[in-house]
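Okay, structure first, notes after.
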Amino acid sequence: MVPDFFQFYFPTKVLFQAGLSRDFSNELSLLGVSRMLVITDSHLLKSGMIEPIVEGLKLGGVEKTVLFSDVPPNSELTAVKKACEKGMEIEAEGILAVGGGSVMDTAKAADILLTLGGDLVQDYSGAHTLTSPLKPLIAVPTTAGTGSEVTQVAVILDESNGVKLSFLDRYLYPTIAILDPELTLSMPPKLTAMTGMDALTHAIEASTSLEANPYSDAFSMKAIRMIKDHLAKAVQTGSDLKARSNMLVASNLAGVAFDHAMVGVVHSMSHSVGAVAHVPHGMANSILLPWGMEYNFDVAKERYSDVGKRLGVKTQGMAVDEAARAAIEEVRALRAELKRACGLPDRLGEAGVKESDLPKIAQLSVEDGSSFYNPREVVEAEVLETLKRAY
Ligand code: NAD
């Protein structure tokens, strides 16, 4: 269906090649950045993955680098501030982010402070608050899930108030996204599974969002198919470069899809579960995806029928309701396969959420920005029921 209005704006240059992160000197030369702030996390630094990438920067004319590697698993305000201070030490002209969504989001937020100044990045939270373009940001994802390398979004935890702050602005699109599947080979099975389910959630929620349009659909439907075909393989055989490549590209496509269509109630709940109970984002999405699909069933069943086809459901001859239910069951079957392969939790209780936290999570979910784009009104009492079912 073509909506009355939609737009597609996508300024990030995406490059894919195994090994590319070690030498993308052509791109660097075009950018002309000579002082670079490199942001990663301590685990990736210790793994030895970062050194050859930083070494490769010299080939593209980068003369000076400074490293910030203190990004926690959920990006936090303090880390953003410290990263910015590191960049100021060398008057960085650009930022290289190598890591998962936490690192890439920290880099986006640090870029705001580094370019626009100020002490508190939270002053820029919300939508369309930035007044000028930021310093060039090169995003190199090492997980296949968030798609942050191609989105105008950053999600940062305000650790003192226990809420996740969203930043949305066209100036937050990374300048370049380097997709190097070799960097994802080291992901252990559970991380592979939860980040892959994060990408699937992006693609499915983008397809049912109020802002869905033919462009976002093209990206989400392709992503769903690729995830169905390659996620379990990537979890079971982490060294399979083909499965890793497909998952990295699928996550990227799903990122473009949700960047243009936004997400919905699954993300409203998972952001809140993350803020209250510190459950990793992908794990929370994986647990809540089929329940959120059921929440939207009446208004989204036609779309779920399409989703089902991409998930391999033989929908021919099925009524829409039946095909939509089959799609949800297919998501559950994929989760069950991942649980068998690596123990990925499929219940909130199993992920460490306390039952007494559910009312707070329901309340925060209604207030979450993703709720605006959900195809059905997000009602606190019904969300609480949904959370109880997922518990
Ligand atoms: P993450 O960045 O938090 O990383 C999780 C852990 O995995 C870390 O310990 C990290 O060191 C490790 N890791 C990363 N790559 C690895 C590799 N190749 N091998 C081994 N270990 C590796 O996880 P994530 O799921 O990528 O990101 C989650 C964050 O992204 C959340 O804060 C979420 O809110 C945010 N997010 C942002 C967007 C966006 O568009 N900006 C979209 C979705 C999620």
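Chain identifiers are assigned as A, B, and so on, following the order in which chains appear in the structure tokens; residues are numbered from 1 within each chain, and ligands are numbered from 1 in order of appearance.
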* Leaving out A:Ser356 and any residue of its chain fewer than 5 positions from it, which residues lie within 12 Å of it when counting only C-alpha atoms, given as a PyMOL selection string? -> chain A and resi 276-277+348-349+361-362+384+387-388+391
* **Residues near A:Ala18, cut-off 6 Å, only C-alpha atoms, skip fewer than 4 positions along chain, as a list in words** => Asp180, Pro181 and Glu182 of chain A
* To do: Select the residues contacting ligand 1 at a distance of at most 6 Å, based on only C-alpha atoms and all ligand atoms, then format the selection as an NGL selection string.
  => :A and (41 or 43-44 or 73-75 or 99-103 or 105 or 142-143 or 145-148 or 151 or 153-155 or 183-184 or 186-187 or 195 or 281-282)
Generate the output file for the selected residues, N, CA and C atoms, as a compact mmCIF listing (two decimals), in the first residue's frame.
```txt
# COMPACT_ATOMS: atom_id res chain seq x y z
N ASP A 41 34.80 -0.84 22.92
CA ASP A 41 34.64 -1.23 24.33
C ASP A 41 35.82 -2.09 24.76
N HIS A 43 36.14 -5.05 26.01
CA HIS A 43 36.17 -6.45 25.58
C HIS A 43 36.75 -6.56 24.16
N LEU A 44 36.29 -5.69 23.27
CA LEU A 44 36.78 -5.74 21.89
C LEU A 44 38.25 -5.32 21.82
N PRO A 73 28.09 -2.08 28.32
CA PRO A 73 27.18 -2.82 27.43
C PRO A 73 25.91 -2.05 27.05
N ASN A 74 25.41 -1.14 27.86
CA ASN A 74 24.35 -0.23 27.41
C ASN A 74 24.97 1.16 27.49
N SER A 75 25.02 1.86 26.35
CA SER A 75 25.70 3.17 26.38
C SER A 75 25.08 4.07 27.45
N GLY A 99 32.31 -1.45 17.06
CA GLY A 99 31.65 -2.21 18.12
C GLY A 99 30.19 -2.46 17.80
N GLY A 100 29.45 -2.85 18.83
CA GLY A 100 28.02 -3.08 18.68
C GLY A 100 27.26 -1.77 18.80
N GLY A 101 25.95 -1.89 19.00
CA GLY A 101 25.10 -0.71 19.10
C GLY A 101 25.52 0.22 20.22
N SER A 102 26.02 -0.34 21.32
CA SER A 102 26.39 0.52 22.45
C SER A 102 27.53 1.46 22.06
N VAL A 103 28.50 0.91 21.36
CA VAL A 103 29.65 1.73 20.93
C VAL A 103 29.21 2.75 19.88
N ASP A 105 26.26 4.00 19.29
CA ASP A 105 25.39 5.04 19.86
C ASP A 105 26.18 6.02 20.72
N THR A 142 30.30 -4.60 14.88
CA THR A 142 30.91 -5.92 15.17
C THR A 142 29.85 -6.91 15.62
N THR A 143 28.59 -6.44 15.78
CA THR A 143 27.47 -7.35 16.00
C THR A 143 26.56 -7.21 14.77
N GLY A 145 22.91 -6.79 14.39
CA GLY A 145 21.62 -6.67 15.06
C GLY A 145 21.02 -5.29 15.06
N THR A 146 21.77 -4.31 15.57
CA THR A 146 21.13 -3.01 15.83
C THR A 146 20.90 -2.19 14.56
N GLY A 147 21.79 -2.32 13.59
CA GLY A 147 21.68 -1.48 12.39
C GLY A 147 22.04 -0.03 12.65
N SER A 148 22.58 0.26 13.84
CA SER A 148 22.88 1.65 14.21
C SER A 148 23.81 2.33 13.21
N THR A 151 21.44 4.30 10.97
CA THR A 151 20.25 4.98 11.48
C THR A 151 20.58 6.38 12.02
N VAL A 153 19.49 7.42 14.73
CA VAL A 153 19.03 7.25 16.11
C VAL A 153 20.20 6.89 17.01
N ALA A 154 20.17 7.38 18.25
CA ALA A 154 21.06 6.88 19.30
C ALA A 154 20.22 6.71 20.55
N VAL A 155 20.48 5.60 21.25
CA VAL A 155 19.74 5.35 22.51
C VAL A 155 20.77 5.28 23.63
N LEU A 183 34.61 -9.33 11.33
CA LEU A 183 34.57 -8.82 12.70
C LEU A 183 33.49 -9.48 13.54
N THR A 184 32.52 -10.10 12.87
CA THR A 184 31.42 -10.72 13.63
C THR A 184 31.67 -12.21 13.92
N SER A 186 33.73 -13.59 15.80
CA SER A 186 34.06 -13.90 17.20
C SER A 186 32.85 -13.81 18.13
N MET A 187 31.69 -13.43 17.61
CA MET A 187 30.52 -13.36 18.50
C MET A 187 30.16 -14.75 18.99
N THR A 195 21.35 -10.73 19.03
CA THR A 195 21.46 -9.58 18.12
C THR A 195 20.72 -9.87 16.81
N HIS A 281 19.34 -5.52 25.04
CA HIS A 281 18.29 -5.08 24.12
C HIS A 281 17.79 -6.20 23.20
N GLY A 282 18.71 -6.93 22.59
CA GLY A 282 18.32 -7.99 21.65
C GLY A 282 17.58 -9.12 22.36
```
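Ranking A:Asp23, A:Asp346, A:Glu380, A:Glu93 by their shortest atom-to-atom distance to A:Lys360, with only C-alpha atoms included, puts A:Glu380 first.
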Non-local contacts of A:Val279 (10 Å; only C-alpha atoms; under 6 positions in same chain excluded) as an mmCIF file with C-alpha atoms, in the first residue's frame:
```cif
data_model
loop_
_atom_site.group_PDB
_atom_site.id
_atom_site.type_symbol
_atom_site.label_atom_id
_atom_site.label_comp_id
_atom_site.auth_asym_id
_atom_site.auth_seq_id
_atom_site.Cartn_x
_atom_site.Cartn_y
_atom_site.Cartn_z
ATOM 1 C CA ASN A 74 24.355 -0.225 27.407
ATOM 2 C CA SER A 270 12.054 -3.873 25.488
ATOM 3 C CA HIS A 271 13.431 -0.355 26.025
ATOM 4 C CA SER A 272 11.602 -0.347 29.365
ATOM 5 C CA VAL A 273 12.756 -3.862 30.282
ATOM 6 C CA ASN A 285 13.241 -8.004 21.857
ATOM 7 C CA LEU A 348 11.210 -12.393 31.054
ATOM 8 C CA ALA A 351 16.149 -13.158 31.770
ATOM 9 C CA GLY A 352 16.226 -11.927 35.379
ATOM 10 C CA VAL A 353 13.227 -9.574 35.360
#
```
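In this model, the gap between atom CA of A:Pro133 and atom CA of A:Glu27 comes to 19.0 Å.
One finds atom CA of A:Lys314 at 19.3 Å from atom CA of A:Ser207.
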* **Backbone DSSP call of helix (DSSP H, G or I) for stretch 74-219 of chain A, listed as a PyMOL selection string** => chain A and resi 77-89+101-116+121-124+148-150+170-172+181-184+189-208+214-219
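Near A:Glu55, within 12 Å and counting only C-alpha atoms, sit A:Ser21, A:Arg22, A:Asp23, A:Phe24, A:Ser25, A:Val38, A:Gly48, A:Met49, A:Ile50, A:Glu51, A:Leu59, A:Gly60, A:Gly61, A:Val62, A:Glu63, A:Lys64, A:Thr65, not including residues fewer than 4 positions from it in the same chain.
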